[in-house]
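The file input03.pdb comes next; it holds PDB, C-alpha atoms.
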```
ATOM      1  CA  MET A   1     -36.757   5.496   8.077  1.00  0.00           C
ATOM      2  CA  PHE A   2     -33.764   7.397   9.408  1.00  0.00           C
ATOM      3  CA  ALA A   3     -35.663  10.113  11.303  1.00  0.00           C
ATOM      4  CA  SER A   4     -35.334   8.190  14.578  1.00  0.00           C
ATOM      5  CA  LEU A   5     -31.594   7.725  13.963  1.00  0.00           C
ATOM      6  CA  ARG A   6     -31.136  11.460  13.400  1.00  0.00           C
ATOM      7  CA  ARG A   7     -33.046  12.344  16.579  1.00  0.00           C
ATOM      8  CA  ALA A   8     -31.139   9.769  18.594  1.00  0.00           C
ATOM      9  CA  VAL A   9     -27.716  10.888  17.364  1.00  0.00           C
ATOM     10  CA  LEU A  10     -28.487  14.546  17.979  1.00  0.00           C
ATOM     11  CA  PHE A  11     -29.687  13.703  21.497  1.00  0.00           C
ATOM     12  CA  GLY A  12     -26.481  11.763  22.180  1.00  0.00           C
ATOM     13  CA  LEU A  13     -24.355  14.664  20.952  1.00  0.00           C
ATOM     14  CA  ALA A  14     -26.292  17.128  23.091  1.00  0.00           C
ATOM     15  CA  LEU A  15     -25.681  14.997  26.195  1.00  0.00           C
ATOM     16  CA  SER A  16     -21.939  15.436  25.853  1.00  0.00           C
ATOM     17  CA  ALA A  17     -21.869  19.129  24.924  1.00  0.00           C
ATOM     18  CA  SER A  18     -21.134  20.067  28.527  1.00  0.00           C
ATOM     19  CA  SER A  19     -18.174  17.648  28.568  1.00  0.00           C
ATOM     20  CA  ALA A  20     -16.748  19.299  25.471  1.00  0.00           C
ATOM     21  CA  THR A  21     -17.111  22.754  27.039  1.00  0.00           C
ATOM     22  CA  ALA A  22     -15.221  21.657  30.146  1.00  0.00           C
ATOM     23  CA  LEU A  23     -12.485  20.071  28.057  1.00  0.00           C
ATOM     24  CA  ALA A  24     -12.215  23.167  25.875  1.00  0.00           C
ATOM     25  CA  GLN A  25     -10.960  25.168  28.846  1.00  0.00           C
ATOM     26  CA  ASP A  26      -7.984  22.812  29.262  1.00  0.00           C
ATOM     27  CA  GLN A  27      -6.782  22.325  25.671  1.00  0.00           C
ATOM     28  CA  ALA A  28      -5.882  24.303  22.583  1.00  0.00           C
ATOM     29  CA  ALA A  29      -8.513  23.954  19.851  1.00  0.00           C
ATOM     30  CA  PRO A  30      -7.759  20.937  17.629  1.00  0.00           C
ATOM     31  CA  ALA A  31      -8.899  20.562  14.036  1.00  0.00           C
ATOM     32  CA  PRO A  32     -12.580  19.729  13.557  1.00  0.00           C
ATOM     33  CA  THR A  33     -13.526  16.089  13.060  1.00  0.00           C
ATOM     34  CA  ASP A  34     -13.089  15.024   9.442  1.00  0.00           C
ATOM     35  CA  LEU A  35     -16.347  13.089   9.053  1.00  0.00           C
ATOM     36  CA  ILE A  36     -15.425  11.564   5.699  1.00  0.00           C
ATOM     37  CA  ALA A  37     -12.024  10.362   6.915  1.00  0.00           C
ATOM     38  CA  ALA A  38     -13.604   8.975  10.105  1.00  0.00           C
ATOM     39  CA  LEU A  39     -16.326   7.191   8.132  1.00  0.00           C
ATOM     40  CA  ASP A  40     -13.741   5.706   5.773  1.00  0.00           C
ATOM     41  CA  GLY A  41     -11.224   4.810   8.477  1.00  0.00           C
ATOM     42  CA  ILE A  42     -13.758   3.242  10.830  1.00  0.00           C
ATOM     43  CA  CYS A  43     -17.048   2.288   9.164  1.00  0.00           C
ATOM     44  CA  VAL A  44     -15.951   1.474   5.626  1.00  0.00           C
ATOM     45  CA  ALA A  45     -12.779  -0.227   6.856  1.00  0.00           C
ATOM     46  CA  ALA A  46     -14.779  -2.449   9.240  1.00  0.00           C
ATOM     47  CA  GLN A  47     -17.363  -3.538   6.586  1.00  0.00           C
ATOM     48  CA  GLY A  48     -20.014  -4.320   9.200  1.00  0.00           C
ATOM     49  CA  ASP A  49     -17.712  -6.089  11.666  1.00  0.00           C
ATOM     50  CA  ARG A  50     -18.645  -4.721  15.111  1.00  0.00           C
ATOM     51  CA  GLY A  51     -15.365  -5.799  16.702  1.00  0.00           C
ATOM     52  CA  GLN A  52     -13.425  -3.956  14.003  1.00  0.00           C
ATOM     53  CA  VAL A  53     -15.567  -0.828  14.483  1.00  0.00           C
ATOM     54  CA  SER A  54     -14.746  -0.914  18.198  1.00  0.00           C
ATOM     55  CA  SER A  55     -11.000  -1.358  17.618  1.00  0.00           C
ATOM     56  CA  LEU A  56     -10.781   1.265  14.890  1.00  0.00           C
ATOM     57  CA  ALA A  57     -12.893   3.821  16.792  1.00  0.00           C
ATOM     58  CA  GLN A  58     -10.811   3.445  19.937  1.00  0.00           C
ATOM     59  CA  ALA A  59      -7.593   3.718  17.921  1.00  0.00           C
ATOM     60  CA  GLN A  60      -8.875   7.117  16.716  1.00  0.00           C
ATOM     61  CA  GLY A  61      -9.534   8.339  20.259  1.00  0.00           C
ATOM     62  CA  PHE A  62     -13.225   7.423  20.607  1.00  0.00           C
ATOM     63  CA  ALA A  63     -14.173   5.933  23.978  1.00  0.00           C
ATOM     64  CA  PRO A  64     -17.022   3.452  24.498  1.00  0.00           C
ATOM     65  CA  VAL A  65     -20.102   5.022  26.077  1.00  0.00           C
ATOM     66  CA  PRO A  66     -22.553   3.368  28.470  1.00  0.00           C
ATOM     67  CA  GLU A  67     -25.595   1.748  26.892  1.00  0.00           C
ATOM     68  CA  SER A  68     -27.761   4.542  28.311  1.00  0.00           C
ATOM     69  CA  MET A  69     -25.926   7.022  26.034  1.00  0.00           C
ATOM     70  CA  VAL A  70     -26.251   4.934  22.872  1.00  0.00           C
ATOM     71  CA  PRO A  71     -29.079   6.392  20.770  1.00  0.00           C
ATOM     72  CA  ARG A  72     -32.181   4.203  20.627  1.00  0.00           C
ATOM     73  CA  MET A  73     -33.771   3.616  17.242  1.00  0.00           C
ATOM     74  CA  ARG A  74     -36.863   1.800  16.096  1.00  0.00           C
ATOM     75  CA  ASN A  75     -36.220  -1.687  14.717  1.00  0.00           C
ATOM     76  CA  SER A  76     -32.551  -1.576  15.728  1.00  0.00           C
ATOM     77  CA  SER A  77     -30.448  -4.001  17.734  1.00  0.00           C
ATOM     78  CA  ASP A  78     -26.829  -4.763  18.618  1.00  0.00           C
ATOM     79  CA  ARG A  79     -26.086  -1.064  19.134  1.00  0.00           C
ATOM     80  CA  ALA A  80     -22.821   0.308  20.473  1.00  0.00           C
ATOM     81  CA  GLY A  81     -21.507   3.848  20.670  1.00  0.00           C
ATOM     82  CA  PHE A  82     -18.160   5.597  20.981  1.00  0.00           C
ATOM     83  CA  MET A  83     -17.641   9.275  21.741  1.00  0.00           C
ATOM     84  CA  ARG A  84     -14.834  11.798  21.466  1.00  0.00           C
ATOM     85  CA  THR A  85     -14.995  15.360  22.746  1.00  0.00           C
ATOM     86  CA  ASN A  86     -12.560  18.212  22.358  1.00  0.00           C
ATOM     87  CA  ALA A  87     -12.498  21.986  22.235  1.00  0.00           C
ATOM     88  CA  THR A  88     -13.797  22.040  18.665  1.00  0.00           C
ATOM     89  CA  ASP A  89     -16.607  19.498  18.441  1.00  0.00           C
ATOM     90  CA  VAL A  90     -18.329  16.458  19.891  1.00  0.00           C
ATOM     91  CA  SER A  91     -18.136  13.316  17.749  1.00  0.00           C
ATOM     92  CA  LEU A  92     -19.997  10.038  17.953  1.00  0.00           C
ATOM     93  CA  VAL A  93     -19.485   6.693  16.227  1.00  0.00           C
ATOM     94  CA  MET A  94     -22.446   4.352  16.379  1.00  0.00           C
ATOM     95  CA  VAL A  95     -22.861   0.834  15.057  1.00  0.00           C
ATOM     96  CA  GLY A  96     -25.827  -1.512  14.957  1.00  0.00           C
ATOM     97  CA  THR A  97     -28.387  -3.342  12.891  1.00  0.00           C
ATOM     98  CA  MET A  98     -31.777  -2.149  11.592  1.00  0.00           C
ATOM     99  CA  THR A  99     -34.504  -4.277  10.057  1.00  0.00           C
ATOM    100  CA  ARG A 100     -37.332  -3.226   7.798  1.00  0.00           C
ATOM    101  CA  ARG A 101     -40.087  -5.005   5.893  1.00  0.00           C
ATOM    102  CA  LEU A 102     -40.209  -4.014   2.245  1.00  0.00           C
ATOM    103  CA  GLY A 103     -42.199  -5.680  -0.524  1.00  0.00           C
ATOM    104  CA  GLY A 104     -42.791  -8.767   1.597  1.00  0.00           C
ATOM    105  CA  GLU A 105     -39.068  -9.138   2.339  1.00  0.00           C
ATOM    106  CA  THR A 106     -37.111  -8.534   5.529  1.00  0.00           C
ATOM    107  CA  VAL A 107     -34.237  -6.160   4.827  1.00  0.00           C
ATOM    108  CA  VAL A 108     -31.393  -6.234   7.353  1.00  0.00           C
ATOM    109  CA  MET A 109     -29.140  -3.187   7.360  1.00  0.00           C
ATOM    110  CA  GLU A 110     -25.842  -3.253   9.191  1.00  0.00           C
ATOM    111  CA  PHE A 111     -24.985   0.382   9.800  1.00  0.00           C
ATOM    112  CA  CYS A 112     -22.137   2.460  11.117  1.00  0.00           C
ATOM    113  CA  GLY A 113     -22.482   6.194  11.536  1.00  0.00           C
ATOM    114  CA  VAL A 114     -20.191   9.094  12.355  1.00  0.00           C
ATOM    115  CA  SER A 115     -21.592  12.388  13.663  1.00  0.00           C
ATOM    116  CA  ALA A 116     -20.062  15.682  14.676  1.00  0.00           C
ATOM    117  CA  GLN A 117     -21.537  18.808  16.200  1.00  0.00           C
ATOM    118  CA  PRO A 118     -21.011  21.539  15.147  1.00  0.00           C
ATOM    119  CA  ALA A 119     -20.288  20.768  11.492  1.00  0.00           C
ATOM    120  CA  ASP A 120     -20.182  22.731   8.250  1.00  0.00           C
ATOM    121  CA  HIS A 121     -22.967  20.986   6.323  1.00  0.00           C
ATOM    122  CA  SER A 122     -22.187  22.492   2.931  1.00  0.00           C
ATOM    123  CA  ALA A 123     -18.474  21.669   3.186  1.00  0.00           C
ATOM    124  CA  VAL A 124     -19.190  18.039   4.173  1.00  0.00           C
ATOM    125  CA  ASP A 125     -21.760  17.722   1.374  1.00  0.00           C
ATOM    126  CA  ALA A 126     -19.476  19.213  -1.297  1.00  0.00           C
ATOM    127  CA  ARG A 127     -16.522  17.059  -0.273  1.00  0.00           C
ATOM    128  CA  LEU A 128     -18.620  13.908  -0.117  1.00  0.00           C
ATOM    129  CA  ARG A 129     -19.916  14.543  -3.660  1.00  0.00           C
ATOM    130  CA  GLN A 130     -16.329  14.971  -4.857  1.00  0.00           C
ATOM    131  CA  VAL A 131     -15.052  11.859  -3.065  1.00  0.00           C
ATOM    132  CA  MET A 132     -17.897   9.637  -4.290  1.00  0.00           C
ATOM    133  CA  GLY A 133     -17.578  10.727  -7.927  1.00  0.00           C
ATOM    134  CA  PHE A 134     -21.218  10.036  -8.783  1.00  0.00           C
ATOM    135  CA  ALA A 135     -24.586  11.580  -7.916  1.00  0.00           C
ATOM    136  CA  PRO A 136     -26.718  10.614  -4.919  1.00  0.00           C
ATOM    137  CA  VAL A 137     -30.189   9.168  -5.475  1.00  0.00           C
ATOM    138  CA  ARG A 138     -33.461   9.522  -3.581  1.00  0.00           C
ATOM    139  CA  GLY A 139     -35.306   6.509  -2.255  1.00  0.00           C
ATOM    140  CA  MET A 140     -36.360   4.768   0.946  1.00  0.00           C
ATOM    141  CA  GLY A 141     -37.030   8.197   2.454  1.00  0.00           C
ATOM    142  CA  LEU A 142     -33.474   9.490   2.141  1.00  0.00           C
ATOM    143  CA  GLU A 143     -30.878  10.851  -0.243  1.00  0.00           C
ATOM    144  CA  ALA A 144     -27.927   8.499  -0.471  1.00  0.00           C
ATOM    145  CA  TYR A 145     -25.056   7.311  -2.600  1.00  0.00           C
ATOM    146  CA  ALA A 146     -26.031   3.767  -3.577  1.00  0.00           C
ATOM    147  CA  TRP A 147     -23.864   1.239  -5.377  1.00  0.00           C
ATOM    148  CA  LEU A 148     -22.906  -2.395  -5.750  1.00  0.00           C
ATOM    149  CA  GLN A 149     -19.381  -3.162  -4.594  1.00  0.00           C
ATOM    150  CA  THR A 150     -18.131  -5.505  -7.335  1.00  0.00           C
ATOM    151  CA  PRO A 151     -14.654  -6.990  -7.876  1.00  0.00           C
ATOM    152  CA  GLU A 152     -14.212  -4.396 -10.637  1.00  0.00           C
ATOM    153  CA  GLY A 153     -15.137  -1.487  -8.336  1.00  0.00           C
ATOM    154  CA  ARG A 154     -18.277   0.509  -7.585  1.00  0.00           C
ATOM    155  CA  ALA A 155     -21.324   0.182  -9.841  1.00  0.00           C
ATOM    156  CA  PRO A 156     -23.488   3.191  -8.864  1.00  0.00           C
ATOM    157  CA  SER A 157     -27.272   3.189  -8.965  1.00  0.00           C
ATOM    158  CA  ARG A 158     -28.950   5.927 -11.013  1.00  0.00           C
ATOM    159  CA  SER A 159     -32.243   5.648  -9.083  1.00  0.00           C
ATOM    160  CA  LEU A 160     -33.570   3.797  -6.046  1.00  0.00           C
ATOM    161  CA  SER A 161     -37.136   2.508  -6.223  1.00  0.00           C
ATOM    162  CA  ASP A 162     -38.237  -0.097  -3.671  1.00  0.00           C
ATOM    163  CA  ALA A 163     -37.859  -2.829  -6.304  1.00  0.00           C
ATOM    164  CA  GLN A 164     -34.335  -1.685  -7.198  1.00  0.00           C
ATOM    165  CA  PHE A 165     -33.415  -1.494  -3.522  1.00  0.00           C
ATOM    166  CA  LEU A 166     -34.556  -5.089  -2.995  1.00  0.00           C
ATOM    167  CA  ASP A 167     -32.724  -6.292  -6.114  1.00  0.00           C
ATOM    168  CA  MET A 168     -29.502  -4.619  -5.014  1.00  0.00           C
ATOM    169  CA  ALA A 169     -29.814  -5.731  -1.376  1.00  0.00           C
ATOM    170  CA  GLY A 170     -30.378  -9.296  -2.568  1.00  0.00           C
ATOM    171  CA  THR A 171     -26.886  -9.403  -4.066  1.00  0.00           C
ATOM    172  CA  GLY A 172     -25.190  -8.869  -0.685  1.00  0.00           C
ATOM    173  CA  GLN A 173     -22.961  -6.304  -2.406  1.00  0.00           C
ATOM    174  CA  MET A 174     -25.104  -3.208  -1.887  1.00  0.00           C
ATOM    175  CA  ARG A 175     -23.597  -0.210  -0.111  1.00  0.00           C
ATOM    176  CA  LEU A 176     -25.163   3.118   0.873  1.00  0.00           C
ATOM    177  CA  ILE A 177     -23.720   6.329   2.249  1.00  0.00           C
ATOM    178  CA  ALA A 178     -26.243   8.855   3.495  1.00  0.00           C
ATOM    179  CA  LEU A 179     -25.597  12.372   4.802  1.00  0.00           C
ATOM    180  CA  ASP A 180     -27.966  13.983   7.268  1.00  0.00           C
ATOM    181  CA  ARG A 181     -27.766  17.733   7.825  1.00  0.00           C
ATOM    182  CA  THR A 182     -29.969  18.320  10.879  1.00  0.00           C
ATOM    183  CA  GLY A 183     -29.404  21.306  13.158  1.00  0.00           C
ATOM    184  CA  ARG A 184     -25.776  22.094  13.960  1.00  0.00           C
ATOM    185  CA  GLY A 185     -24.595  18.537  13.464  1.00  0.00           C
ATOM    186  CA  SER A 186     -23.863  16.372  10.436  1.00  0.00           C
ATOM    187  CA  THR A 187     -24.150  12.593  10.342  1.00  0.00           C
ATOM    188  CA  LEU A 188     -22.711  10.222   7.765  1.00  0.00           C
ATOM    189  CA  LEU A 189     -24.114   6.686   7.665  1.00  0.00           C
ATOM    190  CA  TYR A 190     -22.516   3.705   5.961  1.00  0.00           C
ATOM    191  CA  ILE A 191     -25.116   0.973   5.419  1.00  0.00           C
ATOM    192  CA  LEU A 192     -24.768  -2.607   4.208  1.00  0.00           C
ATOM    193  CA  PRO A 193     -28.253  -3.929   3.327  1.00  0.00           C
ATOM    194  CA  ARG A 194     -29.082  -7.588   2.739  1.00  0.00           C
ATOM    195  CA  ILE A 195     -32.223  -9.733   2.455  1.00  0.00           C
ATOM    196  CA  ASP A 196     -32.822 -12.224   5.250  1.00  0.00           C
TER
END
```
Step by step, read the file and then write its structure as structure tokens.
Amino acid sequence: MFASLRRAVLFGLALSASSATALAQDQAAPAPTDLIAALDGICVAAQGDRGQVSSLAQAQGFAPVPESMVPRMRNSSDRAGFMRTNATDVSLVMVGTMTRRLGGETVVMEFCGVSAQPADHSAVDARLRQVMGFAPVRGMGLEAYAWLQTPEGRAPSRSLSDAQFLDMAGTGQMRLIALDRTGRGSTLLYILPRID
């Protein structure tokens, strides 16, 4: 399900690698992008609100990119992208909506992703596991942290079959965070699934 997203994000990051190289000659090397802080400060803070994603991304130094640079994904719509380059890495924030048929239902997934290239996969993975405080689960073709966001806090899922996914998505309180470790870049996705 997320293979096209990974390819698209990596392609978008590759397009701006030359920009980062040119910028690197003019500036001292800043700290690498903190993917978890960026995900929390932009994607989680916005909770699926595209206008908020735009405002928060730009406040953190990400600039809107032309539609031609926004990664294209199957079954996605309402996409927008924001990029930041520096002497250390190239970062991308992307927001949009994906739909998928599952068990006779239409699942709508508002997503917001943060990518950086290069990235230390093992460091991002270890820190994400520590921050989440519970184990990821496999399902829907990915490994993700899945939970219901209740008034009392997070209620993590211990597994993620198609039936469980549909049950959780039907509540409108389901949240997912997935980490992709493809090539030199890492991508964190925050996903809010619902049943339409």
| message | Selection in question (the file shown): the PyMOL selection byres ((chain A and resi 176-183) around 7). Which residues does it include, as a ChimeraX atom specification? | response | /A:121,143-147,174-175,184-192
| query | Any chance you could work out the residue set of the PyMOL selection byres ((chain A and resi 54) around 10) here, as a PyMOL selection string? | reply | chain A and resi 42-43+46+49-53+55-59+62-64+80-82+93-95
| note | A straight line from CA of Gly41 in chain A to CA of Val90 in chain A spans 17.8 Å
| request: Find the distance between CA of Gly133 in chain A and CA of Val108 in chain A and write it in Å to one decimal. | output: 26.7 Å
| Interatomic distance, CA of Val114 in chain A to CA of Gly141 in chain A (Å, one decimal) |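 One can read the CA of Val114 in chain A to CA of Gly141 in chain A distance as 19.6 Å.
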| said: Please enumerate the residues selected by the PyMOL selection byres ((chain A and resi 155-160) around 12) when evaluated against the supplied file, formatted as a ChimeraX atom specification. | reply: /A:132-154,161-169,173-177
| said: Using all atoms listed in the file for the distances, tell me which of A:Thr106, A:Glu67, A:Arg100, A:Thr88 is nearest to Ala119 in chain A. | reply: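 Answer, going by the shortest atom-to-atom distance: A:Thr88.
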| request: Using only C-alpha atoms, find the one residue out of A:Asn86, A:Thr33, A:Ser115, A:Asn75 that sits nearest to Arg101 in chain A. | output: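 That would be A:Asn75, the residue with the smallest distance to Arg101 in chain A.
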| task | Rank A:Thr97, A:Gln60, A:Ser91, A:Ser122 by their smallest atom-to-atom distance to Asp78 in chain A, using all atoms listed in the file, and report the top residue only. | result |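 Under the stated criterion, the closest residue is A:Thr97.
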| task | Return the single residue from A:Pro66, A:Arg84, A:Ile36, A:Ile195 that is closest to Leu128 in chain A, with distances computed using only C-alpha atoms. | result |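 Checking each of A:Pro66, A:Arg84, A:Ile36, A:Ile195 against Leu128 in chain A, counting only C-alpha atoms, the winner is A:Ile36.
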First collect every listed atom of range 173-185 of chain A; then fit an axis-aligned box around them, widen it by 4 Å on each side, and give centre and edge lengths in Å to one decimal, as lines of an AutoDock Vina configuration file.
```
center_x = -26.5
center_y = 7.9
center_z = 5.8
size_x = 15.0
size_y = 36.4
size_z = 24.4
```
